[in-house]
file work-v3.cif (mmCIF, C-alpha atoms)
data_protein
#
loop_
_atom_site.label_atom_id
_atom_site.label_comp_id
_atom_site.auth_asym_id
_atom_site.auth_seq_id
_atom_site.Cartn_x
_atom_site.Cartn_y
_atom_site.Cartn_z
CA MET A 293 -29.38 -44.10 8.01
CA SER A 294 -26.49 -45.19 10.21
CA GLN A 295 -23.87 -43.33 8.20
CA ILE A 296 -25.68 -40.02 8.19
CA ASN A 297 -26.35 -40.42 11.92
CA ALA A 298 -22.63 -40.92 12.44
CA ILE A 299 -21.95 -37.73 10.54
CA PHE A 300 -24.45 -35.81 12.64
CA LYS A 301 -22.85 -37.16 15.80
CA GLU A 302 -19.49 -35.90 14.54
CA MET A 303 -21.13 -32.48 14.21
CA GLY A 304 -22.37 -32.69 17.79
CA VAL A 305 -26.04 -32.30 16.90
CA GLY A 306 -27.37 -35.77 17.70
CA GLU A 307 -29.05 -38.08 15.22
CA TRP A 308 -30.83 -37.07 12.04
CA GLU A 309 -34.47 -38.03 12.22
CA GLY A 310 -35.67 -36.37 9.05
CA TRP A 311 -37.20 -39.58 7.72
CA ASN A 312 -39.99 -39.23 10.26
CA PRO A 313 -42.87 -37.18 8.81
CA VAL A 314 -42.65 -33.85 10.58
CA SER A 315 -44.77 -30.76 9.90
CA GLN A 316 -43.09 -27.40 9.56
CA ALA A 317 -44.73 -26.26 12.76
CA ARG A 318 -42.95 -29.00 14.74
CA PHE A 319 -39.45 -28.05 13.68
CA THR A 320 -37.41 -26.93 16.65
CA GLU A 321 -34.60 -24.44 16.60
CA SER A 322 -32.13 -27.32 16.95
CA ASN A 323 -33.66 -28.99 13.86
CA VAL A 324 -33.15 -25.85 11.82
CA MET A 325 -29.63 -25.25 13.12
CA ALA A 326 -28.64 -28.87 12.48
CA ALA A 327 -29.82 -28.67 8.89
CA MET A 328 -28.05 -25.34 8.38
CA ASP A 329 -24.85 -26.79 9.80
CA LEU A 330 -25.13 -29.74 7.43
CA ILE A 331 -25.66 -27.50 4.39
CA ASP A 332 -22.79 -25.19 5.41
CA ASN A 333 -20.57 -28.18 6.26
CA LYS A 334 -19.83 -26.82 9.70
CA ALA A 335 -18.15 -30.10 10.63
CA GLY A 336 -15.60 -29.63 7.85
CA LEU A 337 -16.33 -32.96 6.18
CA ARG A 338 -14.36 -33.94 3.14
CA PRO A 339 -16.16 -33.02 -0.08
CA HIS A 340 -17.26 -36.58 -0.92
CA ARG A 341 -18.60 -37.20 2.60
CA HIS A 342 -20.39 -33.85 2.65
CA GLU A 343 -21.97 -34.60 -0.73
CA TYR A 344 -23.02 -38.06 0.44
CA ALA A 345 -24.60 -36.68 3.63
CA LEU A 346 -26.53 -34.07 1.68
CA LYS A 347 -27.76 -36.56 -0.91
CA GLU A 348 -28.90 -38.92 1.82
CA ALA A 349 -30.63 -36.10 3.69
CA ILE A 350 -32.60 -34.84 0.70
CA THR A 351 -34.15 -38.25 0.17
CA THR A 352 -35.86 -38.05 3.56
CA THR A 353 -39.45 -36.97 4.03
CA ALA A 354 -38.87 -33.91 6.20
CA PHE A 355 -35.69 -32.43 4.78
CA PRO A 356 -37.25 -30.60 1.80
CA THR A 357 -39.73 -28.89 4.13
CA LEU A 358 -37.03 -28.15 6.67
CA PHE A 359 -34.82 -26.79 3.91
CA GLY A 360 -37.70 -24.52 2.89
CA VAL A 361 -37.76 -23.13 6.44
CA ILE A 362 -34.04 -22.42 6.19
CA ILE A 363 -34.33 -20.74 2.81
CA ASP A 364 -37.21 -18.59 4.06
CA ARG A 365 -35.24 -17.58 7.16
CA GLU A 366 -32.14 -16.72 5.17
CA LEU A 367 -34.23 -14.87 2.59
CA ASN A 368 -35.77 -12.59 5.20
CA ALA A 369 -32.39 -12.04 6.83
CA ARG A 370 -30.89 -10.88 3.52
CA TYR A 371 -34.01 -8.81 2.84
CA LYS A 372 -33.66 -6.98 6.15
CA ASP A 373 -29.91 -6.49 5.64
CA VAL A 374 -30.53 -4.12 2.72
CA PRO A 375 -30.79 -0.51 4.02
CA GLN A 376 -34.26 0.92 3.45
CA THR A 377 -33.75 4.62 4.19
CA TRP A 378 -36.72 5.53 1.98
CA SER A 379 -39.05 4.49 4.80
CA ALA A 380 -37.90 7.55 6.79
CA TYR A 381 -39.80 9.92 4.46
CA THR A 382 -42.49 7.54 3.14
CA LYS A 383 -45.76 6.64 4.87
CA VAL A 384 -45.61 2.85 5.17
CA GLY A 385 -48.83 0.92 5.80
CA THR A 386 -50.82 -2.20 4.97
CA VAL A 387 -54.06 -2.92 3.14
CA SER A 388 -56.31 -5.94 3.56
CA ASN A 389 -56.72 -6.96 -0.09
CA PHE A 390 -55.88 -6.09 -3.71
CA ASN A 391 -58.80 -3.71 -4.16
CA GLN A 392 -58.27 0.03 -4.47
CA HIS A 393 -58.39 1.73 -1.07
CA THR A 394 -58.48 5.36 0.02
CA ARG A 395 -56.51 7.30 2.59
CA ASP A 396 -58.42 10.28 3.96
CA ARG A 397 -57.00 13.65 4.91
CA MET A 398 -59.03 16.25 6.79
CA ASN A 399 -58.61 19.82 5.60
CA GLY A 400 -59.31 22.89 7.69
CA GLY A 401 -59.64 23.56 11.40
CA THR A 402 -56.17 25.02 11.85
CA ASP A 403 -57.19 28.68 11.58
CA PRO A 404 -57.48 30.80 14.74
CA LEU A 405 -60.66 30.23 16.72
CA PRO A 406 -63.31 32.93 16.20
CA ARG A 407 -64.54 35.07 19.06
CA VAL A 408 -67.89 34.06 20.57
CA ASP A 409 -69.97 36.87 22.06
CA GLU A 410 -72.06 36.48 25.17
CA LYS A 411 -74.85 34.01 24.39
CA GLY A 412 -73.44 33.84 20.89
CA GLU A 413 -73.42 30.73 18.76
CA TYR A 414 -70.34 28.59 18.23
CA LEU A 415 -69.92 28.30 14.48
CA VAL A 416 -69.19 25.04 12.71
CA MET A 417 -65.58 24.63 11.66
CA PRO A 418 -65.17 24.83 7.85
CA GLN A 419 -63.57 21.57 6.76
CA SER A 420 -63.40 19.07 3.95
CA THR A 421 -61.96 15.63 3.32
CA THR A 422 -59.44 14.74 0.63
CA GLN A 423 -59.04 11.13 -0.49
CA TYR A 424 -55.90 9.62 -1.95
CA THR A 425 -56.01 6.17 -3.55
CA ARG A 426 -53.77 3.25 -2.60
CA GLN A 427 -53.47 -0.27 -3.96
CA VAL A 428 -51.06 -3.20 -3.87
CA TYR A 429 -50.07 -5.66 -6.59
CA LYS A 430 -48.20 -8.93 -6.83
CA ARG A 431 -44.63 -9.02 -8.02
CA GLY A 432 -42.34 -12.02 -8.25
CA ARG A 433 -40.34 -14.42 -10.37
CA GLN A 434 -39.09 -17.97 -10.55
CA PHE A 435 -35.56 -19.07 -9.82
CA ASP A 436 -34.42 -22.39 -11.22
CA ILE A 437 -31.37 -24.54 -10.54
CA SER A 438 -30.48 -27.48 -12.73
CA TRP A 439 -30.23 -30.92 -11.22
CA GLU A 440 -26.74 -31.18 -12.71
CA ALA A 441 -25.67 -28.08 -10.78
CA LEU A 442 -26.76 -29.71 -7.54
CA VAL A 443 -24.86 -32.89 -8.31
CA ASN A 444 -21.70 -31.17 -9.51
CA ASP A 445 -21.65 -28.47 -6.87
CA GLY A 446 -22.53 -30.55 -3.83
CA MET A 447 -25.60 -28.35 -3.36
CA GLY A 448 -23.39 -25.28 -3.23
CA ALA A 449 -25.75 -23.82 -5.80
CA PHE A 450 -28.15 -23.18 -2.91
CA ASP A 451 -25.79 -20.74 -1.24
CA ASP A 452 -26.84 -17.71 -3.30
CA ILE A 453 -30.61 -18.34 -3.42
CA PRO A 454 -31.57 -16.50 -0.18
CA GLN A 455 -29.21 -13.61 -0.89
CA VAL A 456 -30.42 -13.14 -4.47
CA MET A 457 -34.11 -13.38 -3.56
CA GLY A 458 -33.79 -11.20 -0.46
CA ARG A 459 -31.96 -8.44 -2.30
CA SER A 460 -34.37 -8.68 -5.19
CA ALA A 461 -37.33 -8.15 -2.85
CA ALA A 462 -35.67 -5.21 -1.06
CA ASN A 463 -34.61 -3.64 -4.35
CA THR A 464 -38.17 -3.96 -5.66
CA GLU A 465 -39.45 -1.87 -2.76
CA ALA A 466 -36.72 0.76 -3.14
CA TRP A 467 -37.29 0.91 -6.91
CA GLU A 468 -41.05 1.37 -6.49
CA VAL A 469 -40.62 4.23 -4.01
CA ALA A 470 -37.94 5.89 -6.16
CA GLY A 471 -40.37 5.67 -9.08
CA LEU A 472 -42.78 7.89 -7.16
CA ILE A 473 -40.04 10.50 -6.90
CA ALA A 474 -38.29 10.34 -10.26
CA SER A 475 -39.05 9.38 -13.85
CA ALA A 476 -36.96 8.94 -16.97
CA THR A 477 -37.19 12.68 -17.66
CA GLY A 478 -36.48 13.97 -14.15
CA PRO A 479 -38.74 14.56 -11.14
CA ASN A 480 -41.93 12.56 -11.56
CA ALA A 481 -44.56 14.83 -13.10
CA LEU A 482 -47.31 13.14 -11.08
CA THR A 483 -45.60 14.11 -7.82
CA PHE A 484 -43.85 17.38 -8.68
CA GLY A 485 -45.00 20.31 -10.80
CA ALA A 486 -44.99 24.06 -11.26
CA PRO A 487 -47.83 23.81 -10.59
CA ILE A 488 -49.30 20.35 -10.00
CA VAL A 489 -53.00 19.87 -9.28
CA ASP A 490 -53.67 18.09 -5.99
CA VAL A 491 -56.66 15.77 -5.63
CA ASP A 492 -58.51 18.55 -3.80
CA GLY A 493 -58.29 20.69 -6.94
CA VAL A 494 -55.75 23.17 -5.55
CA ASN A 495 -52.70 24.09 -7.63
CA VAL A 496 -49.47 23.28 -5.75
CA THR A 497 -46.02 24.39 -6.90
CA ASN A 498 -43.25 22.07 -5.66
CA LEU A 499 -40.76 22.07 -8.52
CA GLY A 500 -37.93 24.42 -9.44
CA THR A 501 -34.53 24.63 -11.15
CA LEU A 502 -32.24 25.83 -8.35
CA PRO A 503 -28.80 24.21 -7.91
CA LEU A 504 -28.02 22.71 -4.50
CA THR A 505 -26.38 25.45 -2.42
CA LEU A 506 -26.81 26.61 1.14
CA ALA A 507 -28.77 29.69 0.07
CA ASN A 508 -30.98 27.69 -2.28
CA PHE A 509 -31.67 25.06 0.37
CA GLN A 510 -32.81 27.85 2.69
CA THR A 511 -35.03 29.13 -0.11
CA VAL A 512 -36.71 25.73 -0.47
CA CYS A 513 -37.22 25.56 3.28
CA ALA A 514 -39.03 28.89 3.12
CA LEU A 515 -41.13 27.79 0.11
CA MET A 516 -42.27 24.61 1.86
CA SER A 517 -43.10 26.51 5.04
CA ALA A 518 -45.24 28.91 3.01
CA GLN A 519 -47.39 26.18 1.43
CA THR A 520 -51.09 26.62 2.24
CA ASP A 521 -53.91 24.16 2.69
CA ARG A 522 -57.14 24.07 0.72
CA HIS A 523 -58.56 26.88 2.83
CA GLY A 524 -55.54 29.13 2.37
CA MET A 525 -54.04 28.61 5.82
CA PRO A 526 -50.21 28.37 6.06
CA MET A 527 -49.08 24.82 6.79
CA ARG A 528 -45.62 25.76 8.16
CA ILE A 529 -44.08 22.55 6.87
CA ARG A 530 -40.64 21.91 8.35
CA PRO A 531 -38.22 20.27 5.88
CA LYS A 532 -36.65 17.19 7.41
CA HIS A 533 -35.21 14.93 4.67
CA LEU A 534 -32.82 15.82 1.85
CA VAL A 535 -32.73 13.13 -0.88
CA VAL A 536 -29.99 13.22 -3.53
CA ASP A 537 -28.19 11.06 -6.03
CA VAL A 538 -24.67 9.95 -5.12
CA ALA A 539 -23.26 12.75 -7.32
CA LEU A 540 -24.54 15.36 -4.83
CA GLU A 541 -23.63 13.49 -1.65
CA ASP A 542 -20.53 15.51 -0.76
CA THR A 543 -22.23 18.83 -1.52
CA ALA A 544 -25.21 17.85 0.61
CA TRP A 545 -23.01 16.78 3.53
CA ALA A 546 -21.11 20.08 3.39
CA ILE A 547 -24.34 22.06 3.55
CA LEU A 548 -25.85 20.02 6.39
CA THR A 549 -22.80 19.63 8.61
CA SER A 550 -20.53 22.67 8.13
CA MET A 551 -20.47 24.62 11.38
CA GLN A 552 -19.58 27.94 9.76
CA VAL A 553 -20.17 29.63 6.43
CA GLN A 554 -18.52 32.67 4.91
CA TYR A 555 -20.34 35.70 3.59
CA THR A 556 -18.90 38.61 1.63
CA GLU A 557 -20.14 42.18 1.97
CA SER A 558 -19.21 45.24 -0.01
CA ALA A 559 -18.34 48.09 2.34
CA GLY A 560 -17.21 51.34 0.77
CA GLY A 561 -16.44 49.62 -2.50
CA GLY A 562 -14.35 46.82 -0.98
CA ALA A 563 -15.26 43.18 -0.41
CA VAL A 564 -15.15 42.16 3.26
CA PRO A 565 -15.43 38.41 4.02
CA TRP A 566 -16.79 37.37 7.42
CA GLY A 567 -17.89 34.11 8.98
CA VAL A 568 -21.13 33.21 10.71
CA ASN A 569 -22.55 30.03 12.21
CA ASN A 570 -24.34 27.77 9.75
CA PRO A 571 -28.03 27.63 10.81
CA ILE A 572 -28.79 24.41 8.91
CA PRO A 573 -27.25 21.81 11.31
CA ARG A 574 -29.64 22.84 14.11
CA LYS A 575 -32.61 21.96 11.89
CA GLY A 576 -31.77 18.25 12.15
CA ILE A 577 -32.05 17.59 8.41
CA GLN A 578 -31.43 13.94 7.49
CA LEU A 579 -29.51 13.12 4.30
CA HIS A 580 -30.57 10.16 2.15
CA VAL A 581 -28.46 9.09 -0.82
CA ASN A 582 -30.83 7.20 -3.11
CA ASP A 583 -28.91 5.03 -5.59
CA TRP A 584 -32.09 4.23 -7.51
CA LEU A 585 -32.56 7.80 -8.74
CA SER A 586 -29.84 7.43 -11.39
CA TYR A 587 -31.32 4.07 -12.40
CA ILE A 588 -34.73 5.65 -13.10
CA ASP A 589 -33.82 9.20 -14.11
CA THR A 590 -31.99 9.03 -17.45
CA SER A 591 -32.48 12.69 -18.34
CA GLY A 592 -28.88 13.70 -17.70
CA ASN A 593 -29.85 16.01 -14.83
CA VAL A 594 -30.02 13.35 -12.13
CA GLY A 595 -26.60 14.41 -10.86
CA THR A 596 -27.88 17.92 -10.09
CA THR A 597 -31.47 17.14 -9.01
CA TRP A 598 -32.32 17.18 -5.31
CA TYR A 599 -35.47 16.56 -3.31
CA VAL A 600 -36.64 17.80 0.07
CA PHE A 601 -39.34 16.03 2.12
CA GLY A 602 -41.15 17.48 5.10
CA ASP A 603 -41.36 16.35 8.69
CA THR A 604 -43.38 13.12 8.67
CA GLY A 605 -45.00 14.20 11.92
CA GLN A 606 -46.84 16.80 9.86
CA GLY A 607 -47.61 14.81 6.72
CA TYR A 608 -46.34 12.73 3.81
CA ALA A 609 -45.91 13.31 0.09
CA ILE A 610 -45.65 9.62 -0.83
CA GLY A 611 -46.73 6.30 0.66
CA PHE A 612 -46.00 2.62 0.34
CA ASP A 613 -48.30 -0.26 1.31
CA ARG A 614 -47.92 -3.99 1.74
CA LEU A 615 -50.63 -6.65 1.82
CA LYS A 616 -51.70 -7.42 5.38
CA GLY A 617 -50.43 -10.82 6.47
CA HIS A 618 -47.92 -10.85 3.61
CA GLU A 619 -45.69 -7.96 4.61
CA GLY A 620 -42.42 -9.70 3.73
CA PRO A 621 -41.16 -11.62 0.71
CA GLU A 622 -42.48 -15.18 0.47
CA ILE A 623 -40.65 -18.16 -0.99
CA CYS A 624 -42.02 -21.49 -2.14
CA MET A 625 -40.61 -24.54 -3.92
CA LYS A 626 -42.24 -26.50 -6.72
CA ALA A 627 -42.95 -30.12 -5.86
CA SER A 628 -41.57 -32.64 -8.33
CA ASN A 629 -44.14 -33.75 -10.90
CA LYS A 630 -42.53 -37.09 -11.57
CA ALA A 631 -42.80 -40.42 -9.78
CA GLN A 632 -40.80 -43.61 -9.61
CA VAL A 633 -41.78 -46.29 -12.11
CA GLY A 634 -42.59 -48.62 -9.26
CA GLY A 635 -44.70 -45.95 -7.57
CA GLY A 636 -43.92 -43.33 -4.98
CA LEU A 637 -43.11 -39.66 -5.17
CA ILE A 638 -39.65 -38.31 -5.92
CA SER A 639 -37.93 -35.62 -3.86
CA ALA A 640 -38.42 -32.04 -4.99
CA PHE A 641 -34.63 -31.79 -5.08
CA ASP A 642 -34.63 -34.24 -8.00
CA GLY A 643 -36.28 -31.63 -10.23
CA ASP A 644 -39.28 -31.61 -12.51
CA PHE A 645 -40.25 -34.16 -15.16
CA GLU A 646 -39.56 -31.99 -18.20
CA THR A 647 -36.12 -30.53 -17.45
CA ASP A 648 -34.92 -31.84 -14.06
CA ASN A 649 -34.90 -28.22 -12.88
CA VAL A 650 -35.42 -27.42 -9.20
CA LEU A 651 -37.77 -24.42 -9.12
CA TYR A 652 -38.25 -21.73 -6.50
CA ARG A 653 -40.56 -18.72 -6.59
CA VAL A 654 -40.44 -15.48 -4.63
CA ARG A 655 -43.44 -13.17 -4.25
CA VAL A 656 -44.08 -9.74 -2.77
CA CYS A 657 -47.39 -7.86 -2.52
CA GLN A 658 -46.89 -4.11 -2.47
CA GLY A 659 -47.75 -0.78 -4.05
CA GLY A 660 -46.67 2.85 -3.95
CA ASN A 661 -49.05 5.80 -3.76
CA ARG A 662 -48.93 9.58 -3.93
CA LEU A 663 -50.19 11.72 -1.07
CA ASP A 664 -49.99 15.45 -0.36
CA PRO A 665 -47.51 17.09 -2.79
CA ARG A 666 -47.01 20.05 -0.44
CA PHE A 667 -44.76 17.90 1.74
CA ALA A 668 -42.07 17.56 -0.92
CA TYR A 669 -40.09 19.86 -3.19
CA ALA A 670 -37.83 19.06 -6.14
CA GLN A 671 -35.12 21.18 -7.73
CA THR A 672 -33.43 20.08 -10.98
CA GLY A 673 -30.32 22.21 -10.45
CA THR A 674 -30.45 23.49 -14.02
CA GLY A 675 -31.28 27.12 -13.27
#
call {"tool": "encode", "arguments": {"input": "work-v3.cif", "output": "C-alpha cells"}}
result
Amino acid sequence: MSQINAIFKEMGVGEWEGWNPVSQARFTESNVMAAMDLIDNKAGLRPHRHEYALKEAITTTAFPTLFGVIIDRELNARYKDVPQTWSAYTKVGTVSNFNQHTRDRMNGGTDPLPRVDEKGEYLVMPQSTTQYTRQVYKRGRQFDISWEALVNDGMGAFDDIPQVMGRSAANTEAWEVAGLIASATGPNALTFGAPIVDVDGVNVTNLGTLPLTLANFQTVCALMSAQTDRHGMPMRIRPKHLVVDVALEDTAWAILTSMQVQYTESAGGGAVPWGVNNPIPRKGIQLHVNDWLSYIDTSGNVGTTWYVFGDTGQGYAIGFDRLKGHEGPEICMKASNKAQVGGGLISAFDGDFETDNVLYRVRVCQGGNRLDPRFAYAQTGTG
C-alpha cells in the first residue's frame, strides 16, 4: 500500500488505512472527506495515477462501505437541492408502518356559545369526527453500471449516481403530490368537484371554469371563505397559495404583485377609466409554479387551469406521509456474488457473477392522501 499512501500524502490527508476492517459507524469526517477527494481527484493526479489509486482503494476492506457513505451523503444533498414548494400547501407527516391509518378531524364547536340562564344547564356542544385515510408504499428502482464502464472511465461513471438518484426521489414526491391535484383529464375528480362528496357525506363544490383574472381570483377567494362545515357554520377559509402551470406564471405574478389596477365606469354614456390600489398584494398570497401539472394533465387545458389552497393554519386539502425512520431516500449496493477460485470474496466494485454489473438500489417509502376538499378550489379557465 506504499504507493497509495504516497498519493494520499500528496493530497495532504495522511495515509490510507482502508484495509483495516472499519464499521460505518467508526468513519470520521476526515475519512469521508479523504475518500471524496480521492474520487474527485482533488490532488489533480494524472489520469493513469488516479485510476491506479482508485483501483487499489476499491480492493480494500473498508472502501466499499466508505464509498456507500459518500454516495448516501451525496444522494441526500441532491435530494434536498430540488425545490419542494408543494410542502407549503400540503400537510406533511409520518406513519409508523405500511398499514392504513386515519387522520381525524373534529367538526363543530365553532358556532356562537348559547346563553345560559340562571341555574340553567350548560348544553353539550354538537360535534362529530371525520376520518381521512392515509397510507405509505414502497417505491424504488435499481441502477446498474457495467464493470467495463468503471475500467474505461476511471470510475467517473459514479459521478452521476447521487444526482440521478436524488432527483429521482425528489421528483417522485413532487409527482405524487401533483397527482392528488391533477389527472390526465384536468383537476383530479377525487379532490375537486361540482360538487364532490366529502367523507362526512356533505356535498362540497370546489371546481369551476373561470379564467385566471383579478376579478375571478377575488371570486374564488369569496367562494372559499363561504364554505361551511358539516354543521352549516361558515369556515371563513383564507386563500393563501395560488398553484399554476408555467403557462400562467406571468399572469399570476401580475395579479399578485401589481400595486394598482384600472377600472372603467360608464358615466353619462361615456367610459371613464380610473385607477385604484390592488387589494390582492396585502393578502400575502404565495405563488407556486408546479411543473408537474403539465406532465400529468394532458387534457389540453393545463395551460389555463389554476388552483387555490387555503391557509394551512386553518386546514389542508391534501397530505403527504413518509414512513417513520425512513423519511429520506435510502441507497444500498449489491454485494458481489462471486468469489476467487482460491477462496475469498471479491469486491462489490468487481460486479456480479452473471454480468459483471455493479448494482445500486434506491428506495423511498411514501404516500399521498386527500383531506378536506373545502381548503382548495380549482378553475379550468374554460368558461
call {"tool": "closest_residue", "arguments": {"input": "work-v3.cif", "among": "A:Val600, A:Leu415, A:Val456, A:Val408", "to": "Val581 (chain A)", "atoms": "only C-alpha atoms"}}
result
A:Val600
call {"tool": "resolve_selection", "arguments": {"input": "work-v3.cif", "expression": "the PyMOL selection byres ((chain A and resi 472) around 8)", "output": "list in words"}}
result
Glu468, Val469, Ala470, Gly471, Ile473, Ala474, Ser475, Asn480, Leu482, Thr483, Ile610, Gly660, Asn661 and Arg662 of chain A
call {"tool": "closest_residue", "arguments": {"input": "work-v3.cif", "among": "A:Arg528, A:Trp378, A:Thr425, A:His523", "to": "Asn399 (chain A)", "atoms": "only C-alpha atoms"}}
result
A:His523
call {"tool": "resolve_selection", "arguments": {"input": "work-v3.cif", "expression": "the PyMOL selection byres ((chain A and resi 463) around 12)", "output": "ChimeraX atom specification"}}
result
/A:370-378,431,455-462,464-471,582-584,587,621,656
call {"tool": "resolve_selection", "arguments": {"input": "work-v3.cif", "expression": "the PyMOL selection byres ((chain A and resi 488) around 12)", "output": "PyMOL selection string"}}
result
chain A and resi 480-487+489-499+664-666+668-669
